[in-house]
$ cat model05.txt   # compact mmCIF, C-alpha atoms and all ligand atoms
# COMPACT_ATOMS: atom_id res chain seq x y z
CA MET A 5 -23.30 13.41 145.26
CA ASN A 6 -26.25 11.08 145.81
CA PRO A 7 -26.09 8.54 148.65
CA ILE A 8 -25.45 5.57 146.35
CA GLU A 9 -22.60 7.35 144.59
CA ARG A 10 -21.19 8.41 147.92
CA GLY A 11 -21.42 4.84 149.19
CA ARG A 12 -19.73 3.54 146.02
CA ARG A 13 -16.86 5.96 146.34
CA ARG A 14 -16.46 5.18 149.98
CA PHE A 15 -16.38 1.50 149.19
CA LEU A 16 -13.83 1.96 146.39
CA LYS A 17 -11.69 4.06 148.68
CA GLU A 18 -11.83 1.48 151.42
CA SER A 19 -11.60 -1.60 149.27
CA ALA A 20 -7.84 -1.17 149.23
CA ALA A 21 -7.83 -1.59 153.00
CA LEU A 22 -10.38 -4.39 152.80
CA ALA A 23 -8.35 -6.24 150.15
CA GLY A 24 -5.51 -6.39 152.64
CA LEU A 25 -7.73 -8.32 155.02
CA ALA A 26 -8.35 -11.14 152.56
CA VAL A 27 -4.78 -11.92 151.52
CA GLY A 28 -4.18 -14.48 154.26
CA ALA A 29 -7.19 -16.50 153.18
CA VAL A 30 -6.01 -17.31 149.65
CA GLY A 31 -5.17 -20.99 149.24
CA SER A 32 -7.23 -22.21 152.17
CA ALA A 33 -10.54 -20.73 151.14
CA SER A 34 -12.62 -23.74 152.08
CA GLY A 35 -11.19 -24.08 155.58
CA GLN A 36 -12.15 -27.74 155.38
CA THR A 37 -10.06 -30.20 157.38
CA PRO A 38 -10.01 -33.41 155.29
CA GLY A 39 -11.97 -36.28 156.75
CA THR A 40 -14.08 -34.21 159.15
CA GLU A 41 -17.18 -33.83 156.97
CA LYS A 42 -20.36 -34.93 158.69
CA GLN A 43 -23.31 -36.55 156.96
CA VAL A 44 -26.46 -34.47 157.13
CA ASP A 45 -28.63 -36.72 159.24
CA PRO A 46 -32.23 -36.47 158.02
CA LYS A 47 -33.35 -37.63 161.45
CA THR A 48 -31.54 -34.86 163.38
CA PRO A 49 -34.45 -33.84 165.61
CA TYR A 50 -33.07 -30.52 166.80
CA GLY A 51 -30.13 -28.76 165.20
CA GLU A 52 -26.86 -27.98 166.88
CA ARG A 53 -24.44 -25.18 166.13
CA SER A 54 -21.05 -25.83 164.57
CA ARG A 55 -18.51 -27.41 166.89
CA PHE A 56 -16.28 -24.41 166.08
CA VAL A 57 -18.70 -21.98 167.73
CA SER A 58 -18.22 -21.55 171.46
CA SER A 59 -20.13 -18.38 172.38
CA ALA A 60 -21.57 -18.95 175.85
CA ARG A 61 -23.55 -17.49 178.71
CA THR A 62 -21.78 -17.23 182.03
CA ALA A 63 -22.46 -16.11 185.58
CA ARG A 64 -22.05 -12.41 186.34
CA GLU A 65 -18.88 -12.01 188.36
CA TYR A 66 -17.87 -9.63 191.11
CA PRO A 67 -14.57 -8.44 192.47
CA SER A 68 -14.24 -10.82 195.39
CA HIS A 69 -11.91 -8.59 197.40
CA THR A 70 -14.37 -5.70 197.64
CA PRO A 71 -17.22 -5.22 200.08
CA TYR A 72 -19.77 -3.86 197.56
CA PRO A 73 -23.09 -4.54 199.26
CA SER A 74 -24.77 -4.86 195.85
CA ARG A 75 -22.59 -7.90 195.31
CA ILE A 76 -23.99 -9.50 198.44
CA MET A 77 -27.54 -8.76 197.34
CA ASP A 78 -26.97 -10.04 193.84
CA ALA A 79 -25.48 -13.21 195.27
CA ALA A 80 -28.96 -14.24 196.38
CA ASP A 81 -29.99 -14.34 192.73
CA ALA A 82 -28.83 -16.38 189.79
CA LEU A 83 -27.56 -13.83 187.25
CA ILE A 84 -26.52 -15.30 183.92
CA VAL A 85 -25.24 -12.91 181.27
CA THR A 86 -25.54 -12.85 177.46
CA PRO A 87 -22.34 -12.80 175.35
CA LEU A 88 -23.17 -9.48 173.64
CA GLN A 89 -19.64 -9.34 172.19
CA ASP A 90 -20.61 -12.19 169.84
CA SER A 91 -24.03 -10.78 168.91
CA ALA A 92 -25.03 -10.06 165.32
CA GLY A 93 -28.20 -8.23 164.28
CA ILE A 94 -30.80 -7.65 166.98
CA ILE A 95 -32.15 -11.08 168.02
CA THR A 96 -30.55 -12.89 170.93
CA PRO A 97 -30.53 -16.64 170.28
CA SER A 98 -32.82 -18.13 172.93
CA PRO A 99 -30.11 -20.41 174.37
CA LEU A 100 -28.01 -17.27 174.99
CA HIS A 101 -30.79 -15.10 176.48
CA PHE A 102 -29.78 -13.75 179.89
CA VAL A 103 -31.40 -15.37 182.92
CA VAL A 104 -32.31 -13.85 186.25
CA TYR A 105 -33.79 -16.05 188.90
CA ASN A 106 -34.50 -14.24 192.16
CA ALA A 107 -34.68 -17.57 193.91
CA GLY A 108 -34.14 -15.85 197.23
CA TYR A 109 -32.24 -17.15 200.23
CA GLY A 110 -33.14 -20.65 201.23
CA TYR A 111 -34.67 -21.64 197.90
CA PRO A 112 -32.93 -23.96 195.46
CA ARG A 113 -31.95 -22.20 192.24
CA LEU A 114 -33.87 -24.63 190.09
CA HIS A 115 -36.32 -23.13 187.67
CA PRO A 116 -39.77 -24.76 187.74
CA ASP A 117 -40.14 -27.79 185.50
CA ILE A 118 -43.72 -27.28 184.32
CA ASP A 119 -45.82 -29.80 182.41
CA PRO A 120 -47.91 -27.59 180.07
CA ARG A 121 -50.84 -30.03 180.29
CA GLN A 122 -51.02 -29.44 184.04
CA HIS A 123 -50.43 -25.70 183.92
CA ARG A 124 -53.30 -23.23 184.47
CA LEU A 125 -53.47 -19.45 184.25
CA LEU A 126 -56.01 -17.87 186.61
CA ILE A 127 -57.41 -14.37 186.07
CA HIS A 128 -59.42 -13.03 189.00
CA GLY A 129 -59.88 -10.12 191.41
CA LEU A 130 -61.90 -7.10 190.27
CA VAL A 131 -63.35 -8.80 187.19
CA ASP A 132 -66.90 -9.78 186.22
CA ARG A 133 -65.90 -13.31 185.12
CA PRO A 134 -62.88 -15.00 186.74
CA LEU A 135 -61.22 -17.19 184.11
CA ILE A 136 -58.96 -20.22 184.16
CA PHE A 137 -57.01 -21.02 180.99
CA THR A 138 -55.19 -24.20 180.03
CA MET A 139 -52.20 -23.69 177.71
CA GLU A 140 -54.23 -25.19 174.88
CA GLU A 141 -57.02 -22.66 175.41
CA LEU A 142 -54.54 -19.79 175.61
CA GLN A 143 -52.96 -20.83 172.32
CA ARG A 144 -56.31 -20.87 170.52
CA LEU A 145 -56.77 -17.13 171.12
CA PRO A 146 -55.77 -14.42 168.59
CA SER A 147 -51.99 -13.95 168.93
CA VAL A 148 -49.37 -11.35 168.04
CA SER A 149 -45.58 -11.42 167.62
CA ARG A 150 -43.48 -8.48 168.80
CA THR A 151 -39.76 -7.88 169.05
CA HIS A 152 -38.75 -6.45 172.44
CA PHE A 153 -35.72 -6.26 174.67
CA LEU A 154 -35.76 -7.35 178.28
CA GLU A 155 -33.24 -5.75 180.60
CA CYS A 156 -32.66 -6.37 184.28
CA GLY A 157 -32.79 -3.12 186.27
CA GLY A 158 -29.43 -4.09 187.78
CA ASN A 159 -27.69 -4.36 184.41
CA SER A 160 -24.38 -2.47 184.12
CA ARG A 161 -24.11 -1.47 187.76
CA ASN A 162 -20.91 -3.52 187.97
CA SER A 163 -19.36 -1.57 185.08
CA VAL A 164 -17.99 1.05 187.50
CA TRP A 165 -16.39 -1.44 189.88
CA PRO A 166 -12.65 -1.84 189.38
CA GLY A 167 -11.58 -5.45 189.57
CA THR A 168 -14.36 -6.82 187.41
CA GLN A 169 -13.48 -8.35 184.07
CA GLY A 170 -14.82 -5.41 182.11
CA THR A 171 -16.18 -7.29 179.12
CA VAL A 172 -19.41 -6.15 177.49
CA GLN A 173 -20.90 -9.48 178.57
CA GLN A 174 -20.06 -8.89 182.24
CA ASN A 175 -21.00 -5.19 182.16
CA HIS A 176 -24.08 -5.14 179.91
CA GLY A 177 -25.08 -8.79 179.49
CA LEU A 178 -28.31 -8.56 181.49
CA THR A 179 -30.17 -7.46 178.37
CA SER A 180 -31.38 -9.54 175.43
CA CYS A 181 -33.89 -9.16 172.62
CA SER A 182 -36.39 -11.69 171.29
CA GLU A 183 -39.40 -12.01 169.07
CA TRP A 184 -42.13 -12.87 171.57
CA THR A 185 -45.41 -14.49 170.54
CA GLY A 186 -48.50 -14.66 172.68
CA VAL A 187 -51.83 -13.11 173.56
CA PRO A 188 -52.16 -9.42 174.44
CA LEU A 189 -52.98 -9.18 178.14
CA SER A 190 -55.63 -6.58 177.21
CA LEU A 191 -57.55 -9.28 175.34
CA LEU A 192 -57.64 -11.55 178.41
CA LEU A 193 -58.62 -8.67 180.69
CA ARG A 194 -61.45 -7.63 178.35
CA GLU A 195 -62.60 -11.23 178.23
CA ALA A 196 -62.71 -11.29 182.05
CA GLY A 197 -64.44 -7.89 182.23
CA VAL A 198 -62.41 -5.44 184.33
CA GLN A 199 -64.49 -3.60 186.93
CA LYS A 200 -64.62 0.17 187.34
CA GLU A 201 -62.59 0.43 190.57
CA ALA A 202 -59.68 -1.55 189.10
CA SER A 203 -56.36 0.28 188.62
CA TRP A 204 -53.58 -2.30 189.15
CA VAL A 205 -52.65 -5.73 187.88
CA HIS A 206 -50.82 -8.19 190.06
CA ALA A 207 -48.95 -11.14 188.51
CA GLU A 208 -47.60 -14.26 190.21
CA GLY A 209 -45.18 -16.92 189.02
CA ALA A 210 -45.15 -20.63 189.77
CA ASP A 211 -41.64 -20.65 191.24
CA ALA A 212 -40.97 -21.77 194.81
CA HIS A 213 -40.90 -18.21 196.16
CA LYS A 214 -43.88 -17.09 194.00
CA HIS A 215 -42.24 -14.11 192.26
CA SER A 216 -45.02 -11.51 192.38
CA ARG A 217 -45.11 -8.04 190.84
CA SER A 218 -47.70 -5.28 190.33
CA PHE A 219 -48.09 -2.90 187.41
CA PRO A 220 -50.72 -0.31 186.48
CA LEU A 221 -53.85 -1.51 184.67
CA GLU A 222 -53.18 1.19 182.07
CA LYS A 223 -49.94 -0.56 181.09
CA GLY A 224 -51.73 -3.92 181.15
CA MET A 225 -54.28 -2.61 178.63
CA ASP A 226 -51.49 -1.18 176.47
CA ASP A 227 -48.67 -3.45 175.19
CA VAL A 228 -48.17 -6.23 177.76
CA LEU A 229 -47.94 -9.74 176.30
CA VAL A 230 -48.81 -13.09 177.82
CA ALA A 231 -46.13 -14.87 175.81
CA TYR A 232 -45.66 -18.58 175.15
CA ALA A 233 -43.13 -18.43 172.31
CA GLN A 234 -39.69 -16.86 171.90
CA ASN A 235 -37.91 -16.64 168.57
CA GLY A 236 -40.26 -19.06 166.86
CA GLU A 237 -40.39 -21.85 169.43
CA PRO A 238 -41.77 -22.42 172.91
CA ILE A 239 -40.16 -20.20 175.56
CA ARG A 240 -37.08 -21.78 177.13
CA PRO A 241 -37.57 -23.32 180.62
CA GLU A 242 -35.25 -20.78 182.27
CA ASN A 243 -37.04 -17.87 180.56
CA GLY A 244 -40.50 -18.87 181.80
CA TYR A 245 -41.85 -21.96 180.02
CA PRO A 246 -44.69 -22.48 179.32
CA VAL A 247 -45.92 -18.88 179.70
CA ARG A 248 -44.62 -15.53 180.96
CA LEU A 249 -45.37 -11.84 180.92
CA VAL A 250 -43.41 -9.52 178.65
CA ILE A 251 -43.83 -5.93 179.83
CA PRO A 252 -42.12 -3.89 177.09
CA GLY A 253 -39.77 -1.10 178.12
CA ILE A 254 -40.02 -1.77 181.87
CA GLU A 255 -37.26 -3.36 183.95
CA GLY A 256 -37.28 -7.13 183.50
CA ASN A 257 -38.26 -7.73 187.09
CA ARG A 258 -41.97 -7.10 186.35
CA SER A 259 -42.06 -9.59 183.46
CA VAL A 260 -43.14 -12.52 185.62
CA LYS A 261 -41.97 -15.91 184.34
CA TRP A 262 -43.85 -19.21 184.77
CA LEU A 263 -47.00 -17.06 185.00
CA ARG A 264 -49.89 -18.72 186.82
CA ARG A 265 -52.04 -15.97 188.32
CA ILE A 266 -53.23 -12.48 187.40
CA LYS A 267 -55.21 -10.55 189.94
CA VAL A 268 -56.90 -7.28 189.06
CA ALA A 269 -56.96 -4.87 192.02
CA ASP A 270 -57.44 -1.26 193.10
CA GLN A 271 -53.94 -1.01 194.61
CA PRO A 272 -50.44 -2.37 194.04
CA TYR A 273 -49.49 -5.40 196.14
CA THR A 274 -45.74 -5.07 195.83
CA SER A 275 -43.84 -2.17 197.30
CA TRP A 276 -42.47 -0.97 193.96
CA SER A 277 -45.49 1.11 193.20
CA SER A 278 -43.93 4.14 191.50
CA PHE A 279 -44.05 2.39 188.19
CA ALA A 280 -42.81 5.19 185.90
CA ALA A 281 -39.46 5.08 187.74
CA HIS A 282 -38.98 1.54 186.49
CA GLU A 283 -38.78 2.30 182.78
CA GLN A 284 -35.50 1.32 181.15
CA GLY A 285 -34.10 4.63 179.91
CA VAL A 286 -32.39 5.30 176.60
CA LYS A 287 -29.09 3.35 176.50
CA SER A 288 -26.48 1.96 174.14
CA VAL A 289 -23.17 0.12 174.14
CA ILE A 290 -20.54 -0.79 171.56
CA THR A 291 -20.28 -4.60 171.31
CA PHE A 292 -17.29 -4.58 168.91
CA PRO A 293 -14.60 -3.62 169.66
CA SER A 294 -15.24 -4.23 173.36
CA GLY A 295 -13.46 -5.12 176.59
CA GLY A 296 -11.12 -8.09 176.46
CA GLN A 297 -10.88 -8.12 172.67
CA ARG A 298 -7.76 -7.32 170.68
CA LEU A 299 -7.48 -5.59 167.31
CA PRO A 300 -4.85 -7.46 165.30
CA GLY A 301 -3.48 -4.29 163.69
CA PRO A 302 -4.29 -0.92 162.13
CA GLY A 303 -6.80 -0.90 159.29
CA PHE A 304 -10.50 -1.13 158.60
CA TYR A 305 -12.98 -2.16 161.29
CA GLU A 306 -16.74 -1.93 161.56
CA ILE A 307 -17.65 -0.52 164.96
CA THR A 308 -21.00 -2.01 165.97
CA GLY A 309 -23.28 -2.12 168.96
CA LEU A 310 -26.80 -2.06 170.36
CA ALA A 311 -29.08 0.77 171.41
CA TRP A 312 -32.48 0.54 173.11
CA SER A 313 -35.05 2.59 174.99
CA GLY A 314 -38.04 1.70 177.15
CA GLY A 315 -39.64 4.86 175.80
CA GLY A 316 -40.00 3.71 172.19
CA ALA A 317 -37.93 3.53 169.03
CA ILE A 318 -34.28 4.51 168.71
CA ARG A 319 -34.00 7.39 166.23
CA ARG A 320 -30.29 8.12 166.22
CA VAL A 321 -26.98 6.68 167.39
CA GLU A 322 -23.76 8.68 167.31
CA VAL A 323 -20.31 7.18 167.74
CA SER A 324 -17.13 8.91 168.88
CA THR A 325 -13.66 7.44 168.38
CA ASP A 326 -11.85 10.31 170.11
CA GLY A 327 -13.21 10.25 173.64
CA GLY A 328 -16.27 12.36 172.87
CA ARG A 329 -14.67 15.34 171.10
CA THR A 330 -16.35 14.57 167.76
CA TRP A 331 -19.33 12.36 166.88
CA LYS A 332 -20.49 10.65 163.71
CA ASP A 333 -23.93 9.25 162.92
CA ALA A 334 -23.98 5.45 162.83
CA ARG A 335 -26.15 3.46 160.40
CA LEU A 336 -29.21 1.87 162.04
CA GLN A 337 -30.34 -1.60 161.04
CA GLU A 338 -33.89 -1.53 159.61
CA PRO A 339 -36.57 -2.10 160.59
CA VAL A 340 -36.19 -0.36 163.94
CA PHE A 341 -38.69 -1.80 166.43
CA ARG A 342 -40.06 0.09 169.42
CA LYS A 343 -38.65 -0.97 172.81
CA ALA A 344 -36.26 -3.33 171.05
CA HIS A 345 -32.53 -3.62 170.58
CA THR A 346 -31.41 -1.60 167.58
CA ARG A 347 -28.18 -2.53 165.81
CA PHE A 348 -25.88 0.33 164.81
CA ARG A 349 -22.78 0.25 162.66
CA LEU A 350 -20.02 2.68 161.72
CA ASP A 351 -17.03 2.18 159.42
CA TRP A 352 -13.72 3.00 161.09
CA THR A 353 -10.13 2.98 159.98
CA TRP A 354 -7.87 2.57 162.97
CA LYS A 355 -4.49 4.16 162.43
CA GLY A 356 -2.94 2.55 165.49
CA GLU A 357 -3.36 5.48 167.88
CA GLU A 358 -4.86 5.19 171.37
CA ALA A 359 -8.61 5.66 170.91
CA VAL A 360 -11.63 5.94 173.20
CA LEU A 361 -14.78 4.60 171.55
CA GLN A 362 -18.28 5.43 172.78
CA SER A 363 -21.85 5.54 171.57
CA ARG A 364 -24.69 7.91 172.39
CA CYS A 365 -28.30 7.31 171.36
CA THR A 366 -31.52 9.28 171.10
CA ASP A 367 -35.04 7.85 171.17
CA GLU A 368 -38.31 8.92 169.52
CA ARG A 369 -39.11 11.23 172.43
CA GLY A 370 -35.84 13.07 171.95
CA ASP A 371 -34.32 11.59 175.13
CA VAL A 372 -30.53 11.45 174.81
CA GLN A 373 -28.35 8.93 176.65
CA PRO A 374 -26.61 10.85 179.46
CA THR A 375 -22.93 11.02 180.30
CA LEU A 376 -21.91 9.72 183.73
CA ALA A 377 -21.68 13.35 184.89
CA GLU A 378 -25.21 14.10 183.62
CA LEU A 379 -26.61 10.91 185.17
CA SER A 380 -24.96 11.88 188.46
CA ARG A 381 -26.60 15.30 188.30
CA ILE A 382 -30.00 13.68 187.57
CA HIS A 383 -29.60 11.58 190.72
CA GLY A 384 -28.03 14.38 192.76
CA VAL A 385 -24.87 12.41 193.56
CA ASP A 386 -21.22 12.98 192.75
CA LEU A 387 -19.19 10.95 190.28
CA ASP A 388 -17.55 8.76 192.92
CA TRP A 389 -20.86 7.80 194.47
CA TRP A 390 -21.49 4.99 191.95
CA ARG A 391 -18.17 3.36 192.72
CA SER A 392 -18.35 3.48 196.49
CA THR A 393 -22.03 3.40 197.39
CA SER A 394 -23.72 0.81 199.55
CA VAL A 395 -27.02 1.56 197.78
CA HIS A 396 -28.33 -1.11 195.41
CA PHE A 397 -28.68 1.27 192.45
CA SER A 398 -30.50 0.40 189.22
CA HIS A 399 -30.98 1.75 185.69
CA PHE A 400 -27.32 2.60 185.24
CA ARG A 401 -27.08 3.78 181.64
CA PRO A 402 -24.35 6.36 181.06
CA ILE A 403 -22.47 6.68 177.80
CA PHE A 404 -19.96 3.88 178.05
CA PRO A 405 -16.31 4.20 176.92
CA TRP A 406 -13.94 1.50 175.62
CA LYS A 407 -10.26 2.35 175.37
CA VAL A 408 -8.22 0.86 172.52
CA THR A 409 -4.50 0.90 173.38
CA ARG A 410 -1.71 1.29 170.82
CA GLU A 411 -1.23 -2.48 171.03
CA GLY A 412 -4.88 -2.94 170.06
CA SER A 413 -6.18 -4.32 173.36
CA VAL A 414 -9.58 -3.03 174.43
CA HIS A 415 -10.48 -2.08 178.02
CA ASN A 416 -13.37 -0.75 180.08
CA ALA A 417 -12.52 2.95 180.41
CA MET A 418 -15.26 3.67 182.95
CA TYR A 419 -12.76 3.42 185.81
N1 LIG B 501 -41.35 -16.05 188.25
C1 LIG B 501 -40.25 -15.27 188.14
N2 LIG B 501 -40.27 -14.27 187.23
C2 LIG B 501 -39.20 -13.46 187.09
C3 LIG B 501 -38.06 -13.61 187.92
C4 LIG B 501 -38.06 -14.65 188.88
O1 LIG B 501 -37.13 -14.86 189.65
N3 LIG B 501 -39.18 -15.47 188.95
N4 LIG B 501 -37.00 -12.72 187.76
C5 LIG B 501 -37.32 -11.43 187.17
C6 LIG B 501 -36.17 -10.59 186.83
S1 LIG B 501 -35.41 -9.74 188.11
C7 LIG B 501 -35.79 -10.34 185.52
S2 LIG B 501 -34.60 -9.23 185.14
C8 LIG B 501 -36.45 -11.07 184.39
C9 LIG B 501 -35.42 -11.75 183.52
O2 LIG B 501 -36.01 -12.54 182.54
P1 LIG B 501 -35.14 -13.71 181.88
O3 LIG B 501 -34.60 -14.56 182.99
O4 LIG B 501 -36.05 -14.44 180.96
O5 LIG B 501 -34.03 -13.04 181.14
O6 LIG B 501 -37.38 -12.04 184.86
C10 LIG B 501 -38.18 -11.58 185.92
N5 LIG B 501 -39.26 -12.49 186.15
MO MO B 502 -33.90 -8.24 187.26

$ encode --input "model05.txt" --output "structure tokens" --more "lines below"
Ligand SMILES: Nc1nc2c(c(=O)[nH]1)N[C@H]1C(S)=C(S)[C@@H](COP(=O)(O)O)O[C@H]1N2
Ligand SMILES: [Mo]
Amino acid sequence: MNPIERGRRRFLKESAALAGLAVGAVGSASGQTPGTEKQVDPKTPYGERSRFVSSARTAREYPSHTPYPSRIMDAADALIVTPLQDSAGIITPSPLHFVVYNAGYGYPRLHPDIDPRQHRLLIHGLVDRPLIFTMEELQRLPSVSRTHFLECGGNSRNSVWPGTQGTVQQNHGLTSCSEWTGVPLSLLLREAGVQKEASWVHAEGADAHKHSRSFPLEKGMDDVLVAYAQNGEPIRPENGYPVRLVIPGIEGNRSVKWLRRIKVADQPYTSWSSFAAHEQGVKSVITFPSGGQRLPGPGFYEITGLAWSGGGAIRRVEVSTDGGRTWKDARLQEPVFRKAHTRFRLDWTWKGEEAVLQSRCTDERGDVQPTLAELSRIHGVDLDWWRSTSVHFSHFRPIFPWKVTREGSVHNAMY
């Protein structure tokens, strides 16, 4: 049977189940409440979403009764998580992009309010020609648009802590994906003329505590962007307006927001010098059904989620509905971008039994997302370590299970 024929038969077979879903809608197809129509205002300067849509960012929460030291450390930061459970496709709407502001103790958690006409970007250090750019000058240069995820290195570490809410937003919401537009850093560095001894790039933000991070020159000459636009409009204030770095595939921490200075050097200036260890490894999570949701009853559902890898493109996502005994290949949304969220989908008919749903992805290098046991072996720790440790661990990316109970409620099955 060819794929189209197979798809047709599958659809015909399932359309009986699907038809059942639509019955309730007959008679109220428009959904319109009389008298609530709004005039389309030709002067509306900036659109708003429907008043019926309430998807929202929120602060990452912690179990208050537990002494997890990571919680104390995270409390110094503002951590605002993306509602992945409501996500469709691969682009995170900019107003829902996660936000991390390492304001540090003693600093107000107010992101800089930068007038782009006053802003300057300085490039100096081991270069032949130090350069200072205004935003206008930066935007005259040849630009590119690329779709990439950002993920905080601390994403998901709370997913093993009992007492947390256990939604996909709380557990995995420190990742988002945007189309970024800007100038390749390599172009600016070539313009400045990098000297022979140079091997590191140091970037500094305009926030009160001057968020500063180093990365290898090699990466800087590869795919790093000096970005001023996000999803077709200027970058949002909390995500780095008017200009930020986007360092694809590497933990978000290096992607300095409110970028004002780039110094080329022969050594790293920040302590996190083993750069390779800061790649975001191959990872995925099911966003529907996910923690806190409820399936109204047995029948057809599309299981869907996101997969990503700092090492390149996602090649394959498998989904298990029986706790990992058997796996099926999910469909991947095309095109698949490198170092970007990749949407996967799998048709599922839930018969009302208890089910454990999980996804496992593979990237272009052949790296496979590890189980918690495999990840523990990689780090040389035992399974309980993650739950009880006082170490501020990062890059937590095991295969993640959701349990669907017979009543249809969905729970974090990590603990
Ligand atoms: N200037 C500046 N850049 C920064 C930070 C910051 O506090 N100040 N936080 C970093 C961290 S830890 C992360 S994970 C990413 C998050 O980017 P976002 O807030 O746009 O999602 O920004 C990074 N860049
Ligand atoms: Mo971060």

$ residues_near_ligand --input "model05.txt" --ligand "ligand LIG 501 (chain B)" --cutoff "6 Å" --atoms "all atoms listed in the file" --output "number ranges by chain"
A: 102-107, 155-156, 209, 211, 215, 243, 256-262

$ closest_residue --input "model05.txt" --among "A:Val247, A:Pro238, A:Gly253, A:Thr151" --to "Lys223 of chain A" --atoms "only C-alpha atoms"
A:Gly253

$ closest_residue --input "model05.txt" --among "A:Ser363, A:Thr168, A:Gln284, A:Gln199" --to "ligand MO 502 (chain B)" --atoms "all atoms listed in the file"
A:Gln284

$ closest_atom_pairs --input "model05.txt" --of "segment 399-418 of chain A" --to "segment 287-293 of chain A" --cutoff "8 Å" --atoms "all atoms listed in the file" --output "tab-separated table"
residue	atom	partner	partner_atom	distance
A:Arg401	CA	A:Lys287	CA	5.5
A:Pro402	CA	A:Lys287	CA	7.2
A:Ile403	CA	A:Ser288	CA	7.2
A:Phe404	CA	A:Val289	CA	6.3
A:Trp406	CA	A:Pro293	CA	7.9
A:Val414	CA	A:Pro293	CA	6.9

$ closest_residue --input "model05.txt" --among "A:Ala212, A:Leu154, A:Ala311, A:Ile251" --to "ligand MO 502 (chain B)" --atoms "all atoms listed in the file"
A:Leu154

$ decode --input "model05.txt" --residues "segment 52-68 of chain A" --atoms "N, CA and C atoms" --output "mmCIF file, in the first residue's frame"
data_model
loop_
_atom_site.group_PDB
_atom_site.id
_atom_site.type_symbol
_atom_site.label_atom_id
_atom_site.label_comp_id
_atom_site.auth_asym_id
_atom_site.auth_seq_id
_atom_site.Cartn_x
_atom_site.Cartn_y
_atom_site.Cartn_z
ATOM 1 N N GLU A 52 -4.630 42.587 19.285
ATOM 2 C CA GLU A 52 -4.726 41.822 20.529
ATOM 3 C C GLU A 52 -5.319 40.460 20.226
ATOM 4 N N ARG A 53 -5.045 39.484 21.082
ATOM 5 C CA ARG A 53 -5.646 38.179 20.881
ATOM 6 C C ARG A 53 -7.100 38.203 21.355
ATOM 7 N N SER A 54 -7.827 37.176 21.007
ATOM 8 C CA SER A 54 -9.224 37.064 21.413
ATOM 9 C C SER A 54 -9.340 37.101 22.934
ATOM 10 N N ARG A 55 -10.424 37.706 23.409
ATOM 11 C CA ARG A 55 -10.620 37.757 24.866
ATOM 12 C C ARG A 55 -10.885 36.378 25.448
ATOM 13 N N PHE A 56 -11.103 35.370 24.564
ATOM 14 C CA PHE A 56 -11.338 34.008 25.057
ATOM 15 C C PHE A 56 -10.032 33.228 25.238
ATOM 16 N N VAL A 57 -8.923 33.822 24.821
ATOM 17 C CA VAL A 57 -7.636 33.135 24.936
ATOM 18 C C VAL A 57 -6.917 33.640 26.184
ATOM 19 N N SER A 58 -6.468 32.697 27.022
ATOM 20 C CA SER A 58 -5.894 33.141 28.295
ATOM 21 C C SER A 58 -4.516 32.547 28.573
ATOM 22 N N SER A 59 -3.926 31.875 27.577
ATOM 23 C CA SER A 59 -2.611 31.283 27.751
ATOM 24 C C SER A 59 -1.618 32.316 28.293
ATOM 25 N N ALA A 60 -0.854 31.948 29.318
ATOM 26 C CA ALA A 60 -0.032 32.960 29.980
ATOM 27 C C ALA A 60 1.291 32.404 30.497
ATOM 28 N N ARG A 61 2.293 33.282 30.522
ATOM 29 C CA ARG A 61 3.533 32.963 31.222
ATOM 30 C C ARG A 61 3.275 33.044 32.721
ATOM 31 N N THR A 62 4.149 32.409 33.470
ATOM 32 C CA THR A 62 4.037 32.498 34.927
ATOM 33 C C THR A 62 5.426 32.288 35.527
ATOM 34 N N ALA A 63 5.567 32.588 36.800
ATOM 35 C CA ALA A 63 6.850 32.364 37.461
ATOM 36 C C ALA A 63 7.068 30.866 37.661
ATOM 37 N N ARG A 64 8.307 30.407 37.595
ATOM 38 C CA ARG A 64 8.577 29.018 37.950
ATOM 39 C C ARG A 64 8.431 28.877 39.464
ATOM 40 N N GLU A 65 7.729 27.819 39.854
ATOM 41 C CA GLU A 65 7.448 27.631 41.281
ATOM 42 C C GLU A 65 8.285 26.501 41.866
ATOM 43 N N TYR A 66 8.385 26.531 43.182
ATOM 44 C CA TYR A 66 9.164 25.523 43.897
ATOM 45 C C TYR A 66 8.372 25.002 45.066
ATOM 46 N N PRO A 67 8.625 23.759 45.453
ATOM 47 C CA PRO A 67 7.954 23.264 46.655
ATOM 48 C C PRO A 67 8.508 24.031 47.847
ATOM 49 N N SER A 68 7.650 24.784 48.523
ATOM 50 C CA SER A 68 8.151 25.718 49.537
ATOM 51 C C SER A 68 8.619 24.994 50.797
#
